[in-house]
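A.B. asks: Got a structure here, written out as structure tokens. Questions coming.
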Amino acid sequence: MTLEFHKLTTQIDQMGQSLANQKEDLDSKIAIALQIMEAHADPAFLPHIQERVQDAVDKDAGYRGARPLDEPIMQVYPPANLPESATIIATDGSQILPTTHGAVLYYLLNIGSIIVRHGSGEPPTIISQPYLFYEKEYLMTGDRGLINNATISARRTIAEMQAIAEHGWHQRGEARPLIMLYDGPLLLFPLNNEIPDRGDLQAIYLDAMTRLLEIKANLAGYVDRPRSTFVVALLHLLDTPLEEVSRSRLSTSGRIEGLQDIKLCERILNPSERTALFIQMSPQNKDFRKQGGDTHEIVFFYLNVAGPDEPAKIARVELPMWVANDRRQVAETQALIYNQCQQLMTRYPYSLTRADELAVVKTEESRQLNLLIQVAMTRYGLDTQESAKQSGKNAARSAKTRFKVG
Amino acid sequence: MAAWDEPIGYVLRASTAGFSIGASVHQIDRPAFGSVVKTQPRGSDRGAVYGLLYDMHIDDDPMVRQLVLADAVSEETIRDQHHHRIVPVEMSVLSIGYRDFDERVRHALPPRPPLSLDAVFLCSPEEIKEATERFDYFRLVFANSQVPSEQLLAANLLIAQATLPEDERYAYLVRAGREAARLLNGDMLRLDGLLRLIYPS
């Protein structure tokens, strides 16, 4: 053990004090935000709010907040009655990253999926599919450097969406609604220059979404404990006089800076209720609409997944526009996601928990895989030596055993 | 396929005194406390080891704890846990004998324990009769402080007598009671407990 805890006690205490002060500050910001929200809650304000957002976009003021789709911003919606039957498919992925100090250079993606036939009483179908990448074309960038972790993470994201589209396609004749539960936001993170094949990856991702559109599947991205400030940014915009809207003014959230959307949602949503539908005004979403069409634009709502009489627990649910346009599908998706969250006391969807369990590669499994690879290399007369650095690390980090005589 | 043709599980750990069986939840419908089981090594000259099943243990894990606390668990979720997740059902067996080279069942600790992953079967009525017609295995049961010996023996005798024709059952239990009385003559409390458990209702 190298972390000297006694040297941290004072810092930990200061940290607690600082967080307590922030909480007091937060309560007053929540009150201000709720005042702004209530002032614009009337359905009659909706066109005005949408105009204000459009104005910020036209002024190129760097607005990244929410735009209400067509529902009053403070309205809350209960779920539909739980459908008697439905098909829920959830997917998650994990990876083993390449290490230059290992015996061989490779990386692995493992995609876990579960197909739940809601209402059937049957055990779900589970699938775990590993993919091993060892060819140079997968490991090296154009300038012969080793690919970075961001690229592998992006490829994993694409593989997850491809897997969910493939399973959805095979289940298209099963009970409806067909809910495709994806772990995380549907909007791809910015595919920047760090990722060499970003253009191809986004095209594959959008193609997979299109397959789901073709079978009219209810694709939903589930974001646990979201830290987003889309609604807060909208409230700040509404709190800013029209003539003062500028890039510098919108670079913060003014007097409600530091507030997150979930803090507001905790105040307005009862268990199982959702907020209004919002569109996230980001360049990525614009790009999705441009490349995939209007149907692929991403819409979101916040959902209180807490059980009855429990403190609020807010998740963000993202939907493509083809789902958002059908409110019955939105309400049924809401009901089924809420039901999934009630299976576990963590209030995280059961199917996603299982998909994660199926996908995750444990340290011991990773070690065994390395062993299998080394055996295969030995069979073909190849060198299987780890670097001296890796061997040293393994020795230092391995469990200590007692030396015993006799 | 008869119930005793299909394994109820596979050996997890073993010693000459007994062994543990790993099984999934859907395999535990048939075995019961006191059942006579055997390990039957395949493709080997090792003989079968016979034993009495004395404990069935189901472990939890963090996800099961979460499910137990939630009050809206669906049937599909429970079936998923039972069928797909490794719910570690562990059964413990006390060795009571083995099949020797002369093909007879000897009531003694086996010369070698079964091996990990050996299949474990419930014994057929004929095998139960063969393994329990003599009572030499009582000593092994009473001598083991790790098992609830009177409860185990009573459960086993009730299973064994059910494999006999109806008019032989009472005499069988009387014979078993006499042997138990001989072995437990210094411990009337244990003997009384056992006899009450096997006394025909």
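Identifiers for the structure tokens are assigned positionally: chains receive A, B, ... in sequence, residues are indexed from 1 per chain, and ligands are indexed from 1 in the order shown.
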As number ranges by chain, list the residues of segment 47-130 of chain B assigned to strand (DSSP E) by DSSP on the backbone atoms of this structure.
C.D. replies: B: 49-58, 89-99, 105-106, 119-122
A.B. asks: May I have the residues of chain B within 7 Å of chain A, counting only C-alpha atoms, written as a PyMOL selection string?
C.D. replies: chain B and resi 66-67+69-70+72-73+75-76+79-80+83
A.B. asks: Write the residues of the preceding selection, restricted to N, CA and C atoms, as a PDB file, in the first residue's frame.
C.D. replies:
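Output file selection.pdb follows:
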```pdb
ATOM      1  N   GLN B  66     -30.032  -7.367  -4.781  1.00  0.00           N
ATOM      2  CA  GLN B  66     -30.813  -6.249  -5.335  1.00  0.00           C
ATOM      3  C   GLN B  66     -32.201  -6.718  -5.751  1.00  0.00           C
ATOM      4  N   LEU B  67     -32.263  -7.894  -6.351  1.00  0.00           N
ATOM      5  CA  LEU B  67     -33.551  -8.417  -6.829  1.00  0.00           C
ATOM      6  C   LEU B  67     -34.471  -8.756  -5.660  1.00  0.00           C
ATOM      7  N   LEU B  69     -34.642  -7.317  -2.842  1.00  0.00           N
ATOM      8  CA  LEU B  69     -35.177  -6.101  -2.235  1.00  0.00           C
ATOM      9  C   LEU B  69     -36.203  -5.405  -3.117  1.00  0.00           C
ATOM     10  N   ALA B  70     -36.080  -5.570  -4.433  1.00  0.00           N
ATOM     11  CA  ALA B  70     -37.038  -4.919  -5.330  1.00  0.00           C
ATOM     12  C   ALA B  70     -38.378  -5.652  -5.236  1.00  0.00           C
ATOM     13  N   ALA B  72     -40.875  -5.576  -7.610  1.00  0.00           N
ATOM     14  CA  ALA B  72     -41.608  -5.721  -8.874  1.00  0.00           C
ATOM     15  C   ALA B  72     -40.822  -6.600  -9.851  1.00  0.00           C
ATOM     16  N   VAL B  73     -40.251  -7.667  -9.327  1.00  0.00           N
ATOM     17  CA  VAL B  73     -39.415  -8.510 -10.185  1.00  0.00           C
ATOM     18  C   VAL B  73     -40.308  -9.356 -11.099  1.00  0.00           C
ATOM     19  N   GLU B  75     -41.392 -12.293 -13.973  1.00  0.00           N
ATOM     20  CA  GLU B  75     -41.147 -13.722 -14.155  1.00  0.00           C
ATOM     21  C   GLU B  75     -39.946 -13.943 -15.081  1.00  0.00           C
ATOM     22  N   GLU B  76     -39.826 -13.081 -16.113  1.00  0.00           N
ATOM     23  CA  GLU B  76     -38.714 -13.248 -17.062  1.00  0.00           C
ATOM     24  C   GLU B  76     -37.374 -13.038 -16.356  1.00  0.00           C
ATOM     25  N   ARG B  79     -36.620 -16.094 -14.272  1.00  0.00           N
ATOM     26  CA  ARG B  79     -36.210 -17.203 -15.145  1.00  0.00           C
ATOM     27  C   ARG B  79     -34.801 -16.972 -15.692  1.00  0.00           C
ATOM     28  N   ASP B  80     -34.481 -15.710 -15.953  1.00  0.00           N
ATOM     29  CA  ASP B  80     -33.123 -15.380 -16.421  1.00  0.00           C
ATOM     30  C   ASP B  80     -32.102 -15.763 -15.356  1.00  0.00           C
ATOM     31  N   HIS B  83     -31.942 -19.640 -15.162  1.00  0.00           N
ATOM     32  CA  HIS B  83     -31.432 -20.375 -16.322  1.00  0.00           C
ATOM     33  C   HIS B  83     -30.047 -19.938 -16.778  1.00  0.00           C
TER      34      HIS B  83
END
```
A.B. asks: Could you list, as a list in words, every residue within 7 Å of segment 21-28 of chain B, counting only C-alpha atoms and ignoring same-chain residues fewer than 3 positions away?
C.D. replies: Ile8, Gly9, Tyr10, Val11, Leu12, Pro31, His82, Val87, Pro88, Val89, Glu90, Met91 and Ser92 of chain B
A.B. asks: Restricting it to N, CA and C atoms, dump the selection as a PDB file, in the first residue's frame.
C.D. replies:
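Dumped everything to result_4.pdb:
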```
ATOM      1  N   ILE B   8     -27.440 -35.202 -11.714  1.00  0.00           N
ATOM      2  CA  ILE B   8     -28.038 -34.092 -10.951  1.00  0.00           C
ATOM      3  C   ILE B   8     -27.018 -32.980 -10.759  1.00  0.00           C
ATOM      4  N   GLY B   9     -25.767 -33.228 -11.148  1.00  0.00           N
ATOM      5  CA  GLY B   9     -24.729 -32.214 -11.027  1.00  0.00           C
ATOM      6  C   GLY B   9     -23.363 -32.853 -11.224  1.00  0.00           C
ATOM      7  N   TYR B  10     -22.342 -32.068 -10.939  1.00  0.00           N
ATOM      8  CA  TYR B  10     -20.971 -32.556 -11.138  1.00  0.00           C
ATOM      9  C   TYR B  10     -20.142 -32.236  -9.890  1.00  0.00           C
ATOM     10  N   VAL B  11     -19.142 -33.087  -9.656  1.00  0.00           N
ATOM     11  CA  VAL B  11     -18.341 -32.927  -8.436  1.00  0.00           C
ATOM     12  C   VAL B  11     -17.544 -31.625  -8.501  1.00  0.00           C
ATOM     13  N   LEU B  12     -17.686 -30.840  -7.430  1.00  0.00           N
ATOM     14  CA  LEU B  12     -16.909 -29.592  -7.309  1.00  0.00           C
ATOM     15  C   LEU B  12     -15.622 -29.838  -6.520  1.00  0.00           C
ATOM     16  N   PRO B  31     -33.211 -34.230  -6.510  1.00  0.00           N
ATOM     17  CA  PRO B  31     -32.525 -34.659  -5.296  1.00  0.00           C
ATOM     18  C   PRO B  31     -33.195 -34.105  -4.039  1.00  0.00           C
ATOM     19  N   HIS B  82     -32.469 -17.950 -12.985  1.00  0.00           N
ATOM     20  CA  HIS B  82     -32.418 -19.403 -12.796  1.00  0.00           C
ATOM     21  C   HIS B  82     -31.715 -20.107 -13.953  1.00  0.00           C
ATOM     22  N   VAL B  87     -26.169 -19.405 -10.710  1.00  0.00           N
ATOM     23  CA  VAL B  87     -26.644 -19.429  -9.334  1.00  0.00           C
ATOM     24  C   VAL B  87     -25.992 -20.655  -8.701  1.00  0.00           C
ATOM     25  N   PRO B  88     -25.101 -20.436  -7.792  1.00  0.00           N
ATOM     26  CA  PRO B  88     -24.284 -21.563  -7.313  1.00  0.00           C
ATOM     27  C   PRO B  88     -25.038 -22.445  -6.324  1.00  0.00           C
ATOM     28  N   VAL B  89     -25.725 -23.451  -6.834  1.00  0.00           N
ATOM     29  CA  VAL B  89     -26.367 -24.438  -5.959  1.00  0.00           C
ATOM     30  C   VAL B  89     -25.314 -25.490  -5.630  1.00  0.00           C
ATOM     31  N   GLU B  90     -25.075 -25.649  -4.362  1.00  0.00           N
ATOM     32  CA  GLU B  90     -24.054 -26.603  -3.949  1.00  0.00           C
ATOM     33  C   GLU B  90     -24.685 -27.649  -3.037  1.00  0.00           C
ATOM     34  N   MET B  91     -24.456 -28.919  -3.344  1.00  0.00           N
ATOM     35  CA  MET B  91     -25.013 -29.997  -2.517  1.00  0.00           C
ATOM     36  C   MET B  91     -23.851 -30.765  -1.889  1.00  0.00           C
ATOM     37  N   SER B  92     -24.019 -31.135  -0.644  1.00  0.00           N
ATOM     38  CA  SER B  92     -22.951 -31.858   0.055  1.00  0.00           C
ATOM     39  C   SER B  92     -23.359 -33.308   0.268  1.00  0.00           C
TER      40      SER B  92
END
```
A.B. asks: DSSP says helix (DSSP H, G or I) for which residues of segment 22-196 of chain B? Put them as a PyMOL selection string?
C.D. replies: chain B and resi 25-27+62-69+75-83+125-132+137-143+149-161+166-183+188-196
A.B. asks: May I have the residues within 10 Å of Ile30 of chain A as a list in words, using only C-alpha atoms and disregarding those fewer than 2 positions away in the same chain?
C.D. replies: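 Here the answer would be Asp25, Leu26, Asp27, Ser28, Ile32, Ala33, Leu34, Gln35, Ile36, Val232, Ile256, Leu259, Gln260, Asp261, Lys263, Leu264 and Arg267 of chain A.
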A.B. asks: Can you list, as a ChimeraX atom specification, every protein, DNA or RNA residue that comes within 12 Å of Ala388 of chain A when you count only C-alpha atoms, leaving out same-chain residues fewer than 6 positions away?
C.D. replies: /A:100-103,394-395
A.B. asks: Grab the residues selected above and save them as a compact mmCIF listing (two decimals), in the first residue's frame with C-alpha atoms.
C.D. replies:
```
# COMPACT_ATOMS: atom_id res chain seq x y z
CA THR A 100 2.85 -2.37 -26.18
CA HIS A 101 4.47 -4.18 -23.25
CA GLY A 102 2.47 -7.40 -23.69
CA ALA A 103 3.68 -10.48 -25.55
CA ASN A 394 3.02 -8.04 -12.73
CA ALA A 395 5.42 -9.11 -10.00
```
A.B. asks: Enter the distance from atom CA of Asp58 of chain A to atom CA of Met281 of chain A, in Å, rounded to one decimal.
C.D. replies: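 Value for the atom CA of Asp58 of chain A-atom CA of Met281 of chain A distance: 12.2 Å.
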A.B. asks: Have a look at A:Gly168, A:Gly292, A:Pro98, A:Gly142 and name the one nearest to Ile115 of chain A; count only C-alpha atoms.
C.D. replies: A:Gly168
A.B. asks: Please measure the separation of atom CA of Thr210 of chain A and atom CA of Ser153 of chain A, giving the value in Å to one decimal.
C.D. replies: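 Going from atom CA of Thr210 of chain A over to atom CA of Ser153 of chain A, I get 21.8 Å.
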A.B. asks: If we count only C-alpha atoms, what is near segment 105-112 of chain B at a cut-off of 10 Å, once residues fewer than 2 positions away on the same chain are taken out, given as a PyMOL selection string?
C.D. replies: chain B and resi 14-18+46-51+94-103+114-115+127+130-132+134-140
A.B. asks: What's the separation between atom CA of Pro72 of chain A and atom CA of Thr229 of chain A, in Å to one decimal place?
C.D. replies: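 The value is 18.0 Å.
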A.B. asks: Would you list the contacts of segment 148-157 of chain B as a PyMOL selection string, taking every protein, DNA or RNA residue within 7 Å and counting only C-alpha atoms, but skipping same-chain residues closer than 2 positions in sequence?
C.D. replies: chain B and resi 33-35+54+141-142+146+159-161+190+193-194+197-198
A.B. asks: Would you save the residues of that selection, restricted to N, CA and C atoms, as a tab-separated table (two decimals), in the first residue's frame?
C.D. replies:
```tsv
chain	number	residue	atom	x	y	z
B	33	PHE	N	-32.94	-34.17	0.54
B	33	PHE	CA	-32.16	-34.46	1.74
B	33	PHE	C	-32.31	-35.95	2.07
B	34	GLY	N	-31.20	-36.66	2.21
B	34	GLY	CA	-31.25	-38.09	2.52
B	34	GLY	C	-31.18	-39.00	1.30
B	35	SER	N	-31.23	-38.41	0.09
B	35	SER	CA	-31.17	-39.24	-1.12
B	35	SER	C	-29.84	-39.99	-1.21
B	54	TYR	N	-26.67	-34.55	2.21
B	54	TYR	CA	-27.06	-34.02	3.53
B	54	TYR	C	-27.20	-32.50	3.57
B	141	VAL	N	-22.29	-42.57	9.31
B	141	VAL	CA	-23.18	-41.41	9.51
B	141	VAL	C	-23.05	-40.90	10.94
B	142	PHE	N	-23.12	-41.83	11.92
B	142	PHE	CA	-23.06	-41.40	13.32
B	142	PHE	C	-21.69	-40.84	13.68
B	146	GLN	N	-20.05	-33.50	11.31
B	146	GLN	CA	-20.40	-32.37	10.43
B	146	GLN	C	-21.83	-32.48	9.88
B	159	ILE	N	-36.66	-42.96	2.60
B	159	ILE	CA	-36.51	-43.11	1.14
B	159	ILE	C	-36.26	-44.58	0.80
B	160	ALA	N	-35.40	-45.24	1.59
B	160	ALA	CA	-35.03	-46.63	1.30
B	160	ALA	C	-36.23	-47.57	1.46
B	161	GLN	N	-37.02	-47.39	2.52
B	161	GLN	CA	-38.15	-48.30	2.75
B	161	GLN	C	-39.21	-48.15	1.65
B	190	ARG	N	-30.29	-39.15	21.26
B	190	ARG	CA	-30.16	-39.24	19.79
B	190	ARG	C	-31.00	-40.38	19.25
B	193	GLY	N	-34.61	-39.47	19.22
B	193	GLY	CA	-34.88	-38.56	18.10
B	193	GLY	C	-35.02	-39.30	16.79
B	194	LEU	N	-34.12	-40.24	16.56
B	194	LEU	CA	-34.15	-40.99	15.30
B	194	LEU	C	-35.40	-41.87	15.21
B	197	LEU	N	-38.51	-40.12	14.35
B	197	LEU	CA	-38.57	-39.67	12.94
B	197	LEU	C	-38.96	-40.80	11.98
B	198	ILE	N	-38.59	-42.04	12.33
B	198	ILE	CA	-38.89	-43.13	11.37
B	198	ILE	C	-40.13	-43.94	11.78
```
A.B. asks: Taking only C-alpha atoms into account, name the residue in A:Ile127, A:Ala61, A:Ile215, A:Arg255 that is nearest to His84 of chain B.
C.D. replies: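 Using only C-alpha atoms, the shortest distance to His84 of chain B belongs to A:Ile127.
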